[in-house]
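S.K.: Provided herewith: my_file-v4.cif, mmCIF, C-alpha atoms.
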data_protein
#
loop_
_atom_site.label_atom_id
_atom_site.label_comp_id
_atom_site.auth_asym_id
_atom_site.auth_seq_id
_atom_site.Cartn_x
_atom_site.Cartn_y
_atom_site.Cartn_z
CA MET A 25 32.27 22.74 -49.27
CA PRO A 26 32.94 19.01 -49.08
CA GLY A 27 30.72 17.04 -46.73
CA TYR A 28 31.55 14.13 -44.48
CA GLN A 29 32.18 10.53 -45.37
CA ARG A 30 29.02 8.46 -45.53
CA ALA A 31 28.81 5.16 -43.75
CA GLU A 32 26.38 2.94 -45.64
CA GLY A 33 26.58 -0.66 -44.50
CA LEU A 34 28.53 0.09 -41.34
CA HIS A 35 25.78 0.43 -38.78
CA PRO A 36 23.30 -2.30 -37.85
CA PRO A 37 20.08 -2.47 -39.88
CA LEU A 38 17.31 -0.87 -37.85
CA ASP A 39 15.11 -3.84 -38.73
CA THR A 40 16.97 -6.62 -36.93
CA PRO A 41 14.37 -9.28 -36.03
CA ALA A 42 16.72 -11.16 -33.70
CA TYR A 43 16.59 -8.11 -31.41
CA GLY A 44 12.91 -8.10 -30.50
CA SER A 45 12.67 -4.44 -29.48
CA THR A 46 13.35 -3.36 -33.06
CA ARG A 47 10.01 -4.81 -34.22
CA LEU A 48 7.77 -1.82 -33.60
CA ARG A 49 10.48 0.80 -33.57
CA HIS A 50 12.25 0.53 -36.92
CA PRO A 51 11.03 2.87 -39.64
CA THR A 52 9.64 1.05 -42.67
CA GLN A 53 10.45 3.80 -45.19
CA PRO A 54 14.05 4.06 -46.36
CA PRO A 55 15.83 7.13 -44.97
CA LEU A 56 16.04 10.02 -47.39
CA VAL A 57 19.60 10.93 -48.31
CA ILE A 58 20.18 14.66 -47.85
CA PRO A 59 23.25 16.81 -48.50
CA HIS A 60 25.46 17.98 -45.66
CA THR A 61 24.50 21.58 -44.93
CA VAL A 62 25.81 23.85 -42.19
CA THR A 63 23.36 22.12 -39.83
CA GLU A 64 24.92 18.70 -40.34
CA MET A 65 28.50 19.98 -40.49
CA THR A 66 28.48 21.81 -37.18
CA GLY A 67 27.84 20.51 -33.68
CA PRO A 68 27.66 21.50 -30.05
CA ALA A 69 30.78 22.65 -28.20
CA LEU A 70 30.31 20.83 -24.92
CA GLY A 71 33.22 21.60 -22.65
CA GLU A 72 34.63 21.98 -19.16
CA ARG A 73 31.47 23.53 -17.77
CA ASP A 74 29.63 20.32 -18.54
CA LEU A 75 32.02 18.24 -16.39
CA GLY A 76 32.63 17.62 -12.70
CA PRO A 77 36.07 16.89 -11.19
CA LEU A 78 35.45 13.18 -10.53
CA ASP A 79 33.44 12.44 -13.64
CA ALA A 80 36.19 10.36 -15.24
CA ASP A 81 36.78 8.14 -12.20
CA LEU A 82 33.75 5.97 -11.52
CA THR A 83 35.47 4.43 -8.48
CA ARG A 84 35.67 7.71 -6.56
CA GLN A 85 32.16 9.07 -6.79
CA HIS A 86 31.12 7.76 -3.34
CA ASP A 87 32.57 7.47 0.16
CA GLY A 88 33.73 3.90 -0.39
CA GLU A 89 35.10 1.99 -3.36
CA PRO A 90 32.86 -0.09 -5.58
CA LEU A 91 33.20 -3.87 -5.66
CA GLY A 92 34.64 -5.49 -8.76
CA GLU A 93 37.69 -5.73 -10.94
CA ARG A 94 39.19 -2.24 -11.17
CA ILE A 95 39.86 -1.26 -14.79
CA ILE A 96 41.34 1.60 -16.76
CA VAL A 97 39.67 2.19 -20.11
CA HIS A 98 41.56 4.51 -22.40
CA GLY A 99 41.96 5.21 -26.08
CA ARG A 100 41.73 7.81 -28.78
CA VAL A 101 38.85 9.38 -30.63
CA LEU A 102 39.81 9.85 -34.27
CA ASP A 103 38.06 10.70 -37.48
CA GLY A 104 38.02 8.52 -40.56
CA ASN A 105 41.06 10.34 -41.89
CA GLY A 106 43.07 9.42 -38.81
CA ARG A 107 42.94 12.86 -37.25
CA PRO A 108 42.44 13.18 -33.51
CA LEU A 109 39.18 14.71 -32.33
CA ARG A 110 40.34 17.10 -29.63
CA ASN A 111 38.42 18.47 -26.71
CA THR A 112 35.32 16.47 -27.50
CA LEU A 113 32.96 15.04 -24.90
CA VAL A 114 33.01 11.30 -24.17
CA GLU A 115 30.20 9.94 -21.99
CA ILE A 116 29.97 6.41 -20.62
CA TRP A 117 27.49 4.43 -18.54
CA GLN A 118 27.49 0.84 -17.38
CA ALA A 119 26.18 -1.85 -15.03
CA ASN A 120 27.97 -2.64 -11.78
CA ALA A 121 30.18 -5.69 -11.22
CA GLY A 122 27.10 -7.82 -10.58
CA GLY A 123 25.47 -6.83 -13.87
CA ARG A 124 22.94 -4.40 -12.37
CA TYR A 125 22.32 -0.84 -13.52
CA ARG A 126 21.45 1.80 -10.97
CA HIS A 127 18.25 2.47 -12.86
CA ASP A 128 14.66 2.45 -11.59
CA LEU A 129 13.55 -0.11 -14.15
CA ASP A 130 16.41 -2.61 -13.94
CA ARG A 131 14.79 -5.68 -12.37
CA HIS A 132 17.80 -8.01 -12.50
CA PRO A 133 17.98 -9.52 -8.99
CA ALA A 134 21.68 -8.79 -8.55
CA PRO A 135 22.76 -6.48 -5.74
CA LEU A 136 23.13 -2.76 -6.19
CA ASP A 137 26.47 -1.37 -5.07
CA PRO A 138 26.07 1.70 -2.83
CA ASN A 139 29.48 2.87 -4.00
CA PHE A 140 28.81 2.75 -7.71
CA SER A 141 26.66 5.04 -9.84
CA GLY A 142 27.93 3.84 -13.20
CA ALA A 143 28.26 7.02 -15.25
CA GLY A 144 31.31 8.98 -16.38
CA ARG A 145 32.33 11.84 -18.66
CA CYS A 146 35.53 13.39 -19.88
CA LEU A 147 36.96 15.51 -22.68
CA THR A 148 39.59 14.23 -25.07
CA ASP A 149 43.01 15.87 -24.93
CA ASP A 150 45.04 17.43 -27.75
CA GLU A 151 45.80 13.99 -29.20
CA GLY A 152 42.20 12.84 -28.94
CA ARG A 153 42.92 10.71 -25.88
CA TYR A 154 40.46 9.88 -23.12
CA ARG A 155 40.83 7.84 -19.94
CA PHE A 156 38.35 6.45 -17.43
CA VAL A 157 38.84 4.48 -14.23
CA SER A 158 35.98 2.11 -13.45
CA ILE A 159 35.19 -1.48 -12.55
CA LYS A 160 34.46 -4.22 -15.05
CA PRO A 161 30.71 -4.46 -15.57
CA GLY A 162 29.02 -7.84 -15.14
CA ALA A 163 27.02 -9.69 -17.77
CA TYR A 164 23.28 -9.63 -17.19
CA PRO A 165 20.20 -11.53 -18.36
CA TRP A 166 17.48 -9.94 -20.47
CA LYS A 167 14.25 -11.21 -21.91
CA ASN A 168 14.97 -10.99 -25.63
CA HIS A 169 14.98 -14.76 -26.07
CA HIS A 170 15.27 -17.83 -23.84
CA ASN A 171 18.35 -17.61 -21.60
CA ALA A 172 19.52 -14.38 -23.21
CA TRP A 173 22.52 -12.65 -21.64
CA ARG A 174 24.21 -9.42 -22.62
CA PRO A 175 27.99 -9.67 -22.82
CA ALA A 176 29.74 -7.28 -20.43
CA HIS A 177 29.81 -3.86 -22.04
CA ILE A 178 30.28 -0.16 -21.43
CA HIS A 179 28.04 2.29 -23.31
CA PHE A 180 29.84 5.15 -25.08
CA SER A 181 28.41 8.42 -26.38
CA LEU A 182 30.49 10.71 -28.62
CA PHE A 183 29.96 14.01 -30.41
CA GLY A 184 32.98 14.83 -32.52
CA ARG A 185 32.77 18.22 -34.23
CA ALA A 186 29.72 17.82 -36.39
CA PHE A 187 26.14 16.60 -36.05
CA VAL A 188 26.92 13.90 -38.63
CA GLN A 189 29.62 12.48 -36.35
CA ARG A 190 27.37 11.83 -33.35
CA LEU A 191 27.75 8.21 -32.23
CA VAL A 192 26.36 6.03 -29.46
CA THR A 193 27.92 2.59 -29.23
CA GLN A 194 29.03 -0.11 -26.80
CA MET A 195 32.50 -1.32 -25.86
CA TYR A 196 32.93 -5.03 -25.25
CA PHE A 197 35.67 -7.04 -23.54
CA PRO A 198 37.96 -9.46 -25.39
CA GLY A 199 37.14 -13.16 -25.39
CA ASP A 200 33.64 -12.86 -24.00
CA PRO A 201 31.86 -16.24 -24.34
CA LEU A 202 28.50 -14.47 -24.70
CA PHE A 203 29.17 -12.84 -28.09
CA GLY A 204 27.72 -15.70 -30.11
CA GLN A 205 24.22 -15.45 -28.66
CA ASP A 206 23.95 -11.68 -28.45
CA PRO A 207 21.78 -10.14 -31.20
CA ILE A 208 22.87 -6.60 -30.38
CA PHE A 209 26.59 -7.28 -30.83
CA ASN A 210 25.85 -9.39 -33.91
CA SER A 211 23.57 -6.78 -35.45
CA VAL A 212 26.64 -5.13 -37.00
CA PRO A 213 26.77 -6.81 -40.40
CA ASP A 214 30.51 -6.72 -41.07
CA PRO A 215 32.51 -9.01 -38.75
CA ALA A 216 35.54 -6.72 -39.01
CA ALA A 217 33.44 -3.74 -37.90
CA ARG A 218 31.95 -5.83 -35.10
CA ALA A 219 35.45 -6.65 -33.87
CA ARG A 220 36.21 -2.93 -33.63
CA MET A 221 33.73 -2.72 -30.73
CA ILE A 222 35.95 -5.03 -28.65
CA ALA A 223 38.58 -3.38 -26.46
CA ALA A 224 42.11 -4.80 -26.35
CA PHE A 225 43.66 -5.85 -23.08
CA ASP A 226 46.55 -3.45 -22.57
CA LEU A 227 49.38 -4.56 -20.31
CA ASP A 228 51.15 -1.22 -20.77
CA ALA A 229 48.13 0.62 -19.41
CA THR A 230 47.73 -1.89 -16.59
CA VAL A 231 48.88 -0.41 -13.28
CA PRO A 232 50.76 -2.96 -11.17
CA GLU A 233 48.98 -4.02 -7.99
CA TRP A 234 46.03 -1.80 -8.88
CA ALA A 235 44.03 -2.04 -12.14
CA LEU A 236 43.78 -3.82 -15.49
CA GLY A 237 44.13 -1.70 -18.60
CA TYR A 238 41.99 -1.84 -21.73
CA GLN A 239 42.47 0.16 -24.90
CA PHE A 240 39.47 1.17 -26.98
CA ASP A 241 39.82 3.55 -29.92
CA LEU A 242 36.78 5.07 -31.57
CA VAL A 243 36.67 6.34 -35.13
CA LEU A 244 34.00 8.80 -36.25
CA ARG A 245 33.30 9.79 -39.83
CA GLY A 246 35.85 12.16 -41.31
CA ARG A 247 35.56 14.78 -44.02
CA ALA A 248 35.07 13.47 -47.51
CA ALA A 249 38.32 13.65 -49.44
CA THR A 250 39.20 16.63 -51.56
CA PRO A 251 42.49 17.14 -53.37
CA PHE A 252 43.28 20.41 -51.60
CA GLU A 253 41.94 19.75 -48.15
CA ASP A 254 44.03 21.60 -45.61
CA ASP A 255 44.77 20.41 -42.10
CA ASP A 256 43.68 23.68 -40.59
CA ASP A 257 40.37 23.74 -42.39
CA ASP A 258 38.45 21.21 -40.42
CA GLU A 259 38.00 22.87 -37.03
CA MET B 1 47.40 17.38 -46.18
CA THR B 2 46.05 15.55 -49.17
CA THR B 3 43.63 12.79 -48.47
CA SER B 4 43.31 10.22 -51.19
CA ASP B 5 40.79 7.70 -49.96
CA PRO B 6 37.22 8.88 -49.45
CA ARG B 7 36.05 5.53 -48.16
CA PRO B 8 35.51 5.39 -44.41
CA ALA B 9 38.18 3.14 -42.94
CA GLY B 10 37.85 1.56 -39.55
CA LEU B 11 34.81 3.49 -38.45
CA THR B 12 33.16 2.44 -35.19
CA PRO B 13 29.65 1.02 -35.64
CA SER B 14 26.60 2.17 -33.70
CA GLN B 15 24.83 0.19 -30.99
CA THR B 16 21.54 0.86 -29.25
CA VAL B 17 21.44 3.36 -26.40
CA GLY B 18 19.49 0.67 -24.52
CA PRO B 19 16.89 1.21 -21.82
CA PHE B 20 19.21 2.32 -19.00
CA PHE B 21 20.91 5.51 -20.23
CA GLY B 22 19.24 7.55 -17.49
CA LEU B 23 20.78 6.31 -14.25
CA GLN B 24 19.67 7.41 -10.79
CA GLN B 25 22.84 9.50 -10.58
CA GLY B 26 24.20 10.55 -13.93
CA GLY B 27 23.96 9.09 -17.38
CA LEU B 28 22.86 10.88 -20.50
CA PRO B 29 20.03 13.03 -19.12
CA TRP B 30 21.46 16.24 -17.63
CA SER B 31 19.68 18.79 -15.48
CA ARG B 32 20.44 21.48 -18.08
CA GLY B 33 19.82 18.99 -20.85
CA PRO B 34 16.52 20.24 -22.28
CA TYR B 35 17.77 23.83 -22.53
CA ALA B 36 19.33 24.79 -25.84
CA VAL B 37 18.93 28.35 -24.55
CA ASP B 38 18.66 29.59 -20.97
CA GLU B 39 15.21 29.97 -19.49
CA GLY B 40 13.95 33.51 -19.99
CA THR B 41 15.83 34.01 -23.25
CA PRO B 42 13.78 36.43 -25.37
CA GLY B 43 11.94 34.54 -28.07
CA SER B 44 12.47 31.14 -26.45
CA VAL B 45 9.90 28.48 -27.25
CA TRP B 46 9.19 24.97 -26.04
CA ILE B 47 9.27 22.29 -28.69
CA ARG B 48 7.12 19.48 -27.35
CA GLY B 49 5.96 16.19 -28.72
CA GLN B 50 5.44 12.51 -28.23
CA VAL B 51 7.46 9.60 -29.60
CA LEU B 52 5.25 6.75 -30.83
CA ASP B 53 5.96 3.22 -32.03
CA GLY B 54 4.40 1.18 -34.84
CA ASP B 55 1.35 0.42 -32.70
CA GLY B 56 0.89 4.09 -31.86
CA ALA B 57 2.03 3.38 -28.30
CA PRO B 58 4.24 5.92 -26.52
CA VAL B 59 7.96 5.18 -26.45
CA ALA B 60 8.84 5.81 -22.82
CA ASP B 61 12.56 5.16 -23.08
CA ALA B 62 13.69 7.33 -25.97
CA LEU B 63 16.20 10.17 -25.88
CA ILE B 64 15.66 13.20 -28.10
CA GLU B 65 18.50 15.52 -29.04
CA THR B 66 18.23 18.72 -31.04
CA TRP B 67 20.97 20.76 -32.65
CA GLN B 68 20.97 24.12 -34.38
CA SER B 69 23.82 26.38 -35.29
CA ALA B 70 22.79 29.26 -33.00
CA PRO B 71 25.47 31.87 -32.33
CA GLY B 72 25.52 32.94 -28.69
CA HIS B 73 23.52 29.94 -27.53
CA ARG B 74 24.32 26.38 -26.59
CA GLY B 75 22.23 25.23 -29.55
CA PHE B 76 22.08 21.67 -28.22
CA ALA B 77 19.33 20.11 -26.16
CA ARG B 78 18.72 16.62 -24.88
CA CYS B 79 15.58 15.24 -23.28
CA PRO B 80 14.56 11.69 -22.33
CA THR B 81 10.92 10.86 -22.98
CA ASP B 82 8.71 10.41 -19.93
CA ALA B 83 6.30 7.57 -19.16
CA GLY B 84 3.89 9.04 -21.72
CA GLY B 85 6.56 9.17 -24.44
CA CYS B 86 6.73 12.98 -24.22
CA TYR B 87 9.75 15.21 -24.70
CA ALA B 88 10.26 18.97 -24.41
CA VAL B 89 13.20 21.18 -25.32
CA LEU B 90 13.55 24.93 -24.89
CA THR B 91 15.14 26.82 -27.74
CA VAL B 92 14.79 29.79 -30.04
CA LYS B 93 13.57 29.44 -33.58
CA PRO B 94 16.66 29.82 -35.78
CA ASP B 95 16.94 32.67 -38.26
CA ARG B 96 16.14 32.12 -41.87
CA GLY B 97 19.28 31.59 -43.92
CA THR B 98 19.70 29.73 -47.16
CA GLN B 99 17.39 27.18 -45.55
CA ALA B 100 14.08 27.61 -43.76
CA PRO B 101 14.38 27.78 -39.95
CA HIS B 102 14.86 24.25 -38.64
CA LEU B 103 16.44 22.10 -35.96
CA ALA B 104 18.26 18.85 -36.53
CA MET B 105 16.91 16.07 -34.34
CA SER B 106 18.28 12.68 -33.29
CA VAL B 107 16.13 9.99 -31.71
CA PHE B 108 17.81 7.26 -29.68
CA ALA B 109 15.94 4.41 -27.96
CA ARG B 110 15.99 0.84 -26.87
CA GLY B 111 15.22 -1.04 -30.08
CA LEU B 112 16.97 1.54 -32.27
CA LEU B 113 20.36 0.09 -33.16
CA ASP B 114 21.38 3.42 -34.65
CA ARG B 115 19.91 6.86 -34.03
CA VAL B 116 17.30 8.07 -36.47
CA VAL B 117 17.72 11.63 -37.73
CA THR B 118 15.02 14.06 -38.69
CA ARG B 119 14.38 17.81 -38.79
CA VAL B 120 11.93 20.14 -37.10
CA TYR B 121 10.50 22.86 -39.35
CA PHE B 122 7.90 25.42 -38.32
CA ALA B 123 4.36 25.73 -39.68
CA ASP B 124 4.39 29.54 -39.41
CA GLU B 125 7.31 29.72 -41.84
CA ALA B 126 5.28 28.53 -44.81
CA ALA B 127 6.98 30.83 -47.34
CA ALA B 128 10.47 29.77 -46.26
CA ASN B 129 9.45 26.11 -46.09
CA GLU B 130 8.16 26.37 -49.64
CA VAL B 131 11.68 27.04 -50.97
CA ASP B 132 13.75 25.02 -48.49
CA PRO B 133 16.21 22.80 -50.38
CA VAL B 134 15.92 19.85 -48.00
CA LEU B 135 12.13 19.92 -47.70
CA ALA B 136 12.07 20.02 -51.49
CA LEU B 137 13.56 16.51 -51.50
CA VAL B 138 10.71 15.16 -49.37
CA ASP B 139 7.56 13.65 -50.83
CA PRO B 140 4.99 16.46 -50.42
CA LYS B 141 2.54 13.98 -48.88
CA ARG B 142 5.01 13.30 -46.05
CA ARG B 143 6.39 16.82 -45.47
CA GLY B 144 3.89 17.43 -42.70
CA THR B 145 5.71 14.91 -40.50
CA LEU B 146 8.58 17.43 -40.28
CA ILE B 147 6.55 20.57 -39.55
CA ALA B 148 5.87 21.62 -35.97
CA GLU B 149 2.55 23.30 -35.26
CA PRO B 150 2.29 26.41 -33.04
CA THR B 151 1.02 25.92 -29.47
CA ASP B 152 0.52 28.17 -26.44
CA ASP B 153 4.17 28.08 -25.43
CA GLY B 154 5.94 27.09 -28.63
CA TYR B 155 5.48 24.25 -31.07
CA ARG B 156 4.49 20.62 -31.17
CA LEU B 157 5.94 17.83 -33.28
CA ASP B 158 5.27 14.14 -32.68
CA ILE B 159 7.70 11.49 -33.90
CA ARG B 160 6.20 8.33 -35.35
CA LEU B 161 8.92 5.73 -35.68
CA GLN B 162 6.90 3.32 -37.82
CA GLY B 163 3.67 2.90 -39.72
CA GLU B 164 0.82 5.32 -40.39
CA GLY B 165 2.18 8.85 -40.58
CA GLU B 166 5.75 7.61 -40.18
CA THR B 167 8.15 10.51 -39.68
CA VAL B 168 10.52 11.22 -42.54
CA PHE B 169 14.01 10.24 -41.42
CA PHE B 170 17.19 11.28 -43.16
CA SER B 171 20.40 9.54 -44.10
CA ILE B 172 23.12 12.08 -43.43
#
Would you put the structure from the file into structure tokens?
M.R.:
Amino acid sequence: MPGYQRAEGLHPPLDTPAYGSTRLRHPTQPPLVIPHTVTEMTGPALGERDLGPLDADLTRQHDGEPLGERIIVHGRVLDGNGRPLRNTLVEIWQANAGGRYRHDLDRHPAPLDPNFSGAGRCLTDDEGRYRFVSIKPGAYPWKNHHNAWRPAHIHFSLFGRAFVQRLVTQMYFPGDPLFGQDPIFNSVPDPAARARMIAAFDLDATVPEWALGYQFDLVLRGRAATPFEDDDDDE
Amino acid sequence: MTTSDPRPAGLTPSQTVGPFFGLQQGGLPWSRGPYAVDEGTPGSVWIRGQVLDGDGAPVADALIETWQSAPGHRGFARCPTDAGGCYAVLTVKPDRGTQAPHLAMSVFARGLLDRVVTRVYFADEAAANEVDPVLALVDPKRRGTLIAEPTDDGYRLDIRLQGEGETVFFSI
């Protein structure tokens, strides 16, 4: 049985000195390459029972509306062969419009928003599409280096079909002036791959008088090519 | 369909899970998260351990996920580490197949720009472990980092991200 594509050189090196928290947390031994067995080629089937009705709309999880620029974030989840990943869980979490997470350890002295929790979930549809309504997160300072600021971002967590496809990443906003000084964004070695973490402003998805649209597609590893691979074989 | 190009095209890169994945309301930790099987499932065991950094200090903001192909069960568990760096997931030990019983494990954390992947094997499956095709690839001196030891309510396996006794991580 063919395995999945491998992705050497795509992801950031775990030892990235510019991001200080990697120092004591990156393994020093190279990872051991193993074949893709049934364990790696299967994955959890997380579905409707893992979702609540308002999970995809982060602006409607409280009595009032959160402050900030209302946004629609949508896109497709595909595999490396361009096939949609259907009915797969997408999870997001983010800071509020002031750049503060509703988290016990976030000490940034920006206000919390009583109307914003900052987490969402949905399943992709038959074409691999997902859609969230939220507010644009603010940039926030952190202590990695002098005057360090994270560019505005939304965290994404994806499963795909197989354990090998599991991905946690961050979506950024186009034209952010903070990219140049951010070691996390810049930890991705290939500039073209880095650019794929930036959403595109989407006027077609923008709802007049209501919310700005952004498109963000995510591509997980696909099956390694075989001459006789059949469309129906990969579910 | 015939696919002609095996090279990954346009794949999305990984970024760190960061320190704030567990929000006060929602985020990655779920109430059912640590349960790959329901509580009370016959044969269920707790897999417990501690995540440690290169100084041997507990990693208090990691997220552990386990996966096993387990017909009839969820098979997936997720647990954030606590202030002491400890995690716990409830599951059943998988059956022996062409491989020794094992779980796949991902570790996410602030400071990990990509997940690290390892496996949990079981010390009381010595005969199966002896002939497991993946364990066979591992330096015998380091195999112990993948083998959970029996405890009162299941098994224990610590994860050492760096340094002395560093866990064997896999490229998959």
S.K.: Can you list, as a short mmCIF file (atom, residue, chain, number, x, y, z; two decimals) with C-alpha atoms, in the coordinates of the input, the residues that the PyMOL selection byres ((chain A and resi 49-55) around 12) selects here?
M.R.:
data_model
loop_
_atom_site.label_atom_id
_atom_site.label_comp_id
_atom_site.auth_asym_id
_atom_site.auth_seq_id
_atom_site.Cartn_x
_atom_site.Cartn_y
_atom_site.Cartn_z
CA GLU A 32 26.38 2.94 -45.64
CA PRO A 36 23.30 -2.30 -37.85
CA PRO A 37 20.08 -2.47 -39.88
CA LEU A 38 17.31 -0.87 -37.85
CA ASP A 39 15.11 -3.84 -38.73
CA THR A 40 16.97 -6.62 -36.93
CA PRO A 41 14.37 -9.28 -36.03
CA TYR A 43 16.59 -8.11 -31.41
CA GLY A 44 12.91 -8.10 -30.50
CA SER A 45 12.67 -4.44 -29.48
CA THR A 46 13.35 -3.36 -33.06
CA ARG A 47 10.01 -4.81 -34.22
CA LEU A 48 7.77 -1.82 -33.60
CA LEU A 56 16.04 10.02 -47.39
CA VAL A 57 19.60 10.93 -48.31
CA ILE A 58 20.18 14.66 -47.85
CA THR B 16 21.54 0.86 -29.25
CA VAL B 51 7.46 9.60 -29.60
CA LEU B 52 5.25 6.75 -30.83
CA ASP B 53 5.96 3.22 -32.03
CA GLY B 54 4.40 1.18 -34.84
CA ASP B 55 1.35 0.42 -32.70
CA GLY B 56 0.89 4.09 -31.86
CA ALA B 57 2.03 3.38 -28.30
CA PRO B 58 4.24 5.92 -26.52
CA VAL B 59 7.96 5.18 -26.45
CA ALA B 60 8.84 5.81 -22.82
CA ASP B 61 12.56 5.16 -23.08
CA ALA B 62 13.69 7.33 -25.97
CA VAL B 107 16.13 9.99 -31.71
CA PHE B 108 17.81 7.26 -29.68
CA ALA B 109 15.94 4.41 -27.96
CA ARG B 110 15.99 0.84 -26.87
CA GLY B 111 15.22 -1.04 -30.08
CA LEU B 112 16.97 1.54 -32.27
CA LEU B 113 20.36 0.09 -33.16
CA ASP B 114 21.38 3.42 -34.65
CA ARG B 115 19.91 6.86 -34.03
CA VAL B 116 17.30 8.07 -36.47
CA VAL B 117 17.72 11.63 -37.73
CA THR B 118 15.02 14.06 -38.69
CA LEU B 137 13.56 16.51 -51.50
CA VAL B 138 10.71 15.16 -49.37
CA ASP B 139 7.56 13.65 -50.83
CA ARG B 142 5.01 13.30 -46.05
CA ILE B 159 7.70 11.49 -33.90
CA ARG B 160 6.20 8.33 -35.35
CA LEU B 161 8.92 5.73 -35.68
CA GLN B 162 6.90 3.32 -37.82
CA GLY B 163 3.67 2.90 -39.72
CA GLU B 164 0.82 5.32 -40.39
CA GLY B 165 2.18 8.85 -40.58
CA GLU B 166 5.75 7.61 -40.18
CA THR B 167 8.15 10.51 -39.68
CA VAL B 168 10.52 11.22 -42.54
CA PHE B 169 14.01 10.24 -41.42
CA PHE B 170 17.19 11.28 -43.16
CA SER B 171 20.40 9.54 -44.10
CA ILE B 172 23.12 12.08 -43.43
#
S.K.: From (23.5, 27.9, -38.7), in the file's coordinates, out to 10 Å: which residues are reached, counting all atoms listed in the file? Answer as a list in words.
M.R.: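 Returned residue set, sorted by chain then number, is Thr61, Val62, Thr63, Glu64, Met65, Thr66 and Gly67 of chain A; Trp67, Gln68, Ser69, Ala70, Pro71, Gly75, Pro94, Asp95, Arg96, Gly97, Thr98, Gln99, Pro101, His102 and Leu103 of chain B.
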S.K.: If we count all atoms listed in the file, what is near A:Gly184 at a cut-off of 6 Å, once residues fewer than 2 positions away on the same chain are taken out, given as a list in words?
M.R.: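 Counting all atoms listed in the file, the residues come to Thr112, Ala186 and Gln189 of chain A.
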S.K.: Selection in question (the file shown): the PyMOL selection byres ((chain A and resi 88) around 12). Which residues does it include, as JSON, numbers by chain?
M.R.: {"A": [82, 83, 84, 85, 86, 87, 89, 90, 91, 137, 138, 139, 140, 141]}
S.K.: Check what the PyMOL selection byres ((chain A and resi 80) around 7) selects in the file above and give those residues as a list in words.
M.R.: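 On this input, the PyMOL selection byres ((chain A and resi 80) around 7) captures Leu78, Asp79, Asp81, Leu82, Gly144, Arg145, Cys146, Phe156 and Val157 of chain A.
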S.K.: Counting all atoms listed in the file, which of B:Ile47, B:Ala136, B:Ala104, B:Val92 gets nearest to chain A?
M.R.: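 Nearest candidate to chain A out of B:Ile47, B:Ala136, B:Ala104, B:Val92: B:Ala104.
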S.K.: Report, in Å to a single decimal, how far apart atom CA of A:Ile222 and atom CA of A:Pro135 are.
M.R.: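 Distance reported for this atom pair: 26.5 Å.
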S.K.: Please measure the separation of atom CA of A:Asp130 and atom CA of A:Ala224, giving the value in Å to one decimal.
M.R.: 28.6 Å
S.K.: Find the residues around stretch 24-38 of chain B up to 6 Å (all atoms listed in the file counted), leave out those fewer than 6 positions away in its own chain, and share them as an NGL selection string.
M.R.: (:A and (117 or 126-127 or 141 or 143)) or (:B and (73-79 or 89-91))
S.K.: Counting all atoms listed in the file, which residue out of B:Ile64, B:Val134, B:Leu23, B:Cys86 sits closest to B:Gln50?
M.R.: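 Once distances to B:Gln50 are computed over all atoms listed in the file, the minimum belongs to B:Cys86.
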S.K.: In Å to one decimal, how far is atom CA of A:Ala134 from atom CA of A:Gly122?
M.R.: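 These atoms are spaced 5.9 Å apart.
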S.K.: May I have the residues within 9 Å of A:Pro26 as a ChimeraX atom specification, using only C-alpha atoms and disregarding those fewer than 5 positions away in the same chain?
M.R.: /A:60,247-250
S.K.: How would the residues just chosen look if you wrote them out with C-alpha atoms as a tab-separated table (two decimals), in the coordinates of the input?
M.R.:
chain	number	residue	atom	x	y	z
A	60	HIS	CA	25.46	17.98	-45.66
A	247	ARG	CA	35.56	14.78	-44.02
A	248	ALA	CA	35.07	13.47	-47.51
A	249	ALA	CA	38.32	13.65	-49.44
A	250	THR	CA	39.20	16.63	-51.56
S.K.: I'd like to know which of B:Leu11, B:Leu157, B:Leu146, B:Ala126 is closest to chain A, using only C-alpha atoms.
M.R.: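 When distances to chain A are compared using only C-alpha atoms, the smallest one comes from B:Leu11.
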S.K.: With distances taken over all atoms listed in the file, which residue among B:Gly18, B:Ala123, B:Arg143, B:Arg156 lies nearest chain A?
M.R.: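 Distance minimum relative to chain A lands on B:Gly18.
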